[in-house]
Amino acid sequence: MKILSKINVAVFISGILILTSGIASAAVYDGKITVVDFDGNPANAGKRDICIQMLPALPSTWACLYNTNFMRPQLSTMLREAYEQKKSCQVYSFNNGFDGYPAIQTVICY
């Protein structure tokens, strides 16, 4: 990709972020996943898939991947593998789920 195209893409993305920043503010959690919980509670059936704890600790202790996320299967696998391989991750949340825990929207592991 040419340098000018890269600059145009960066400016476009920055503009979108500025425009949407008043709509929702993202929380970014950075650390290692220390606990993975696949929720088998019948009360949560069909509502959420996996919840995680991280180090450093999340302010709410848990962050969860809810079934409303269209990337749920891929993110669930990614979170589990990051836990198993002891990778560091950035977990992004824009809102809370039905039970008040941060809803995992995006995950970047490295």
# chains A, B, ... in the order shown; residues from 1 in each chain; ligands from 1

$ residues_around --residues "Val91 of chain A" --least-positions-apart "4" --cutoff "10 Å" --atoms "only C-alpha atoms" --output "PDB file with C-alpha atoms, in the first residue's frame"
ATOM      1  CA  ALA A  26     -14.191   2.182  25.099  1.00  0.00           C
ATOM      2  CA  ALA A  27     -12.501   0.606  28.060  1.00  0.00           C
ATOM      3  CA  VAL A  28      -9.261  -1.156  27.216  1.00  0.00           C
ATOM      4  CA  TYR A  29      -7.946  -3.849  29.521  1.00  0.00           C
ATOM      5  CA  ASP A  30      -4.355  -4.936  28.939  1.00  0.00           C
ATOM      6  CA  GLY A  31      -2.797  -7.989  30.569  1.00  0.00           C
ATOM      7  CA  ILE A  33      -5.814 -13.883  31.002  1.00  0.00           C
ATOM      8  CA  MET A  54      -6.974 -10.850  33.860  1.00  0.00           C
ATOM      9  CA  ALA A  63     -15.321  -9.409  31.516  1.00  0.00           C
ATOM     10  CA  LEU A  79      -9.414 -16.074  24.439  1.00  0.00           C
ATOM     11  CA  PRO A 102     -17.985  -5.452  30.647  1.00  0.00           C
ATOM     12  CA  ALA A 103     -18.998  -6.964  27.301  1.00  0.00           C
ATOM     13  CA  ILE A 104     -15.961  -8.107  25.322  1.00  0.00           C
ATOM     14  CA  GLN A 105     -16.166  -6.599  21.834  1.00  0.00           C
ATOM     15  CA  THR A 106     -12.646  -6.870  20.432  1.00  0.00           C
ATOM     16  CA  VAL A 107      -9.538  -8.803  21.442  1.00  0.00           C
ATOM     17  CA  ILE A 108      -5.927  -8.374  20.358  1.00  0.00           C
ATOM     18  CA  CYS A 109      -3.411 -10.914  21.650  1.00  0.00           C
TER      19      CYS A 109
END

$ residues_around --residues "Asp39 of chain A" --least-positions-apart "4" --cutoff "10 Å" --atoms "only C-alpha atoms" --output "list in words"
Ala43, Asn44, Ala45, Lys47, Arg48, Asp49, Ile50, Cys51 and Cys64 of chain A

$ write_last_selection --atoms "C-alpha atoms" --output "CSV table (one decimal), in the first residue's frame"
chain,number,residue,atom,x,y,z
A,43,ALA,CA,-29.9,-19.0,33.8
A,44,ASN,CA,-27.3,-17.6,31.4
A,45,ALA,CA,-28.0,-20.1,28.6
A,47,LYS,CA,-26.9,-15.1,26.8
A,48,ARG,CA,-23.1,-15.4,27.3
A,49,ASP,CA,-20.4,-17.7,26.3
A,50,ILE,CA,-17.2,-17.1,28.2
A,51,CYS,CA,-16.0,-14.9,31.0
A,64,CYS,CA,-17.6,-11.6,29.4

$ select_by_dssp --residues "segment 33-106 of chain A" --states "helix (DSSP H, G or I)" --output "list in words"
Pro42, Ala43, Asn44, Arg72, Pro73, Gln74, Leu75, Ser76, Thr77, Met78, Leu79, Arg80, Glu81, Ala82, Tyr83 and Glu84 of chain A

$ residues_around --residues "Lys32 of chain A" --least-positions-apart "6" --cutoff "12 Å" --atoms "only C-alpha atoms" --output "MDAnalysis selection string"
chainID A and resid 52:58 79:91 107:110

$ write_last_selection --atoms "N, CA and C atoms" --output "PDB file, in the first residue's frame"
ATOM      1  N   ILE A  52     -13.801 -13.950  31.526  1.00  0.00           N
ATOM      2  CA  ILE A  52     -12.374 -14.033  31.823  1.00  0.00           C
ATOM      3  C   ILE A  52     -12.019 -13.125  33.003  1.00  0.00           C
ATOM      4  N   GLN A  53     -10.915 -13.466  33.633  1.00  0.00           N
ATOM      5  CA  GLN A  53     -10.253 -12.597  34.588  1.00  0.00           C
ATOM      6  C   GLN A  53      -8.853 -12.368  34.057  1.00  0.00           C
ATOM      7  N   MET A  54      -8.290 -11.202  34.373  1.00  0.00           N
ATOM      8  CA  MET A  54      -6.974 -10.850  33.860  1.00  0.00           C
ATOM      9  C   MET A  54      -6.056 -10.371  34.978  1.00  0.00           C
ATOM     10  N   LEU A  55      -4.771 -10.342  34.667  1.00  0.00           N
ATOM     11  CA  LEU A  55      -3.777  -9.765  35.553  1.00  0.00           C
ATOM     12  C   LEU A  55      -3.017  -8.720  34.752  1.00  0.00           C
ATOM     13  N   PRO A  56      -3.039  -7.453  35.105  1.00  0.00           N
ATOM     14  CA  PRO A  56      -3.663  -6.899  36.296  1.00  0.00           C
ATOM     15  C   PRO A  56      -5.186  -7.083  36.276  1.00  0.00           C
ATOM     16  N   ALA A  57      -5.734  -7.087  37.479  1.00  0.00           N
ATOM     17  CA  ALA A  57      -7.154  -7.393  37.650  1.00  0.00           C
ATOM     18  C   ALA A  57      -8.048  -6.359  36.976  1.00  0.00           C
ATOM     19  N   LEU A  58      -9.131  -6.845  36.412  1.00  0.00           N
ATOM     20  CA  LEU A  58     -10.151  -5.977  35.827  1.00  0.00           C
ATOM     21  C   LEU A  58     -10.894  -5.254  36.945  1.00  0.00           C
ATOM     22  N   LEU A  79      -9.598 -16.277  22.999  1.00  0.00           N
ATOM     23  CA  LEU A  79      -9.414 -16.074  24.439  1.00  0.00           C
ATOM     24  C   LEU A  79      -8.914 -17.343  25.123  1.00  0.00           C
ATOM     25  N   ARG A  80      -9.502 -18.470  24.744  1.00  0.00           N
ATOM     26  CA  ARG A  80      -9.073 -19.742  25.334  1.00  0.00           C
ATOM     27  C   ARG A  80      -7.619 -20.039  24.983  1.00  0.00           C
ATOM     28  N   GLU A  81      -7.245 -19.854  23.715  1.00  0.00           N
ATOM     29  CA  GLU A  81      -5.877 -20.112  23.286  1.00  0.00           C
ATOM     30  C   GLU A  81      -4.890 -19.142  23.944  1.00  0.00           C
ATOM     31  N   ALA A  82      -5.285 -17.883  24.097  1.00  0.00           N
ATOM     32  CA  ALA A  82      -4.413 -16.905  24.762  1.00  0.00           C
ATOM     33  C   ALA A  82      -4.173 -17.312  26.207  1.00  0.00           C
ATOM     34  N   TYR A  83      -5.205 -17.830  26.869  1.00  0.00           N
ATOM     35  CA  TYR A  83      -5.070 -18.317  28.244  1.00  0.00           C
ATOM     36  C   TYR A  83      -4.101 -19.504  28.285  1.00  0.00           C
ATOM     37  N   GLU A  84      -4.306 -20.473  27.387  1.00  0.00           N
ATOM     38  CA  GLU A  84      -3.469 -21.668  27.371  1.00  0.00           C
ATOM     39  C   GLU A  84      -2.010 -21.354  27.049  1.00  0.00           C
ATOM     40  N   GLN A  85      -1.784 -20.375  26.155  1.00  0.00           N
ATOM     41  CA  GLN A  85      -0.438 -20.048  25.702  1.00  0.00           C
ATOM     42  C   GLN A  85       0.187 -18.895  26.497  1.00  0.00           C
ATOM     43  N   LYS A  86      -0.532 -18.446  27.525  1.00  0.00           N
ATOM     44  CA  LYS A  86      -0.057 -17.372  28.405  1.00  0.00           C
ATOM     45  C   LYS A  86       0.340 -16.111  27.636  1.00  0.00           C
ATOM     46  N   LYS A  87      -0.474 -15.757  26.641  1.00  0.00           N
ATOM     47  CA  LYS A  87      -0.231 -14.550  25.854  1.00  0.00           C
ATOM     48  C   LYS A  87      -0.808 -13.334  26.561  1.00  0.00           C
ATOM     49  N   SER A  88      -0.249 -12.177  26.254  1.00  0.00           N
ATOM     50  CA  SER A  88      -0.829 -10.915  26.708  1.00  0.00           C
ATOM     51  C   SER A  88      -1.895 -10.492  25.708  1.00  0.00           C
ATOM     52  N   CYS A  89      -2.932  -9.840  26.193  1.00  0.00           N
ATOM     53  CA  CYS A  89      -4.037  -9.420  25.332  1.00  0.00           C
ATOM     54  C   CYS A  89      -4.511  -8.025  25.704  1.00  0.00           C
ATOM     55  N   GLN A  90      -5.104  -7.366  24.743  1.00  0.00           N
ATOM     56  CA  GLN A  90      -5.870  -6.156  24.979  1.00  0.00           C
ATOM     57  C   GLN A  90      -7.322  -6.524  24.711  1.00  0.00           C
ATOM     58  N   VAL A  91      -8.159  -6.284  25.688  1.00  0.00           N
ATOM     59  CA  VAL A  91      -9.583  -6.589  25.585  1.00  0.00           C
ATOM     60  C   VAL A  91     -10.336  -5.266  25.598  1.00  0.00           C
ATOM     61  N   VAL A 107     -10.689  -8.250  20.722  1.00  0.00           N
ATOM     62  CA  VAL A 107      -9.538  -8.803  21.442  1.00  0.00           C
ATOM     63  C   VAL A 107      -8.323  -8.781  20.525  1.00  0.00           C
ATOM     64  N   ILE A 108      -7.207  -8.329  21.068  1.00  0.00           N
ATOM     65  CA  ILE A 108      -5.927  -8.374  20.358  1.00  0.00           C
ATOM     66  C   ILE A 108      -4.939  -9.077  21.280  1.00  0.00           C
ATOM     67  N   CYS A 109      -4.373 -10.188  20.823  1.00  0.00           N
ATOM     68  CA  CYS A 109      -3.411 -10.914  21.650  1.00  0.00           C
ATOM     69  C   CYS A 109      -2.068 -10.947  20.935  1.00  0.00           C
ATOM     70  N   TYR A 110      -1.023 -10.907  21.730  1.00  0.00           N
ATOM     71  CA  TYR A 110       0.336 -10.867  21.162  1.00  0.00           C
ATOM     72  C   TYR A 110       1.296 -11.647  22.033  1.00  0.00           C
TER      73      TYR A 110
END
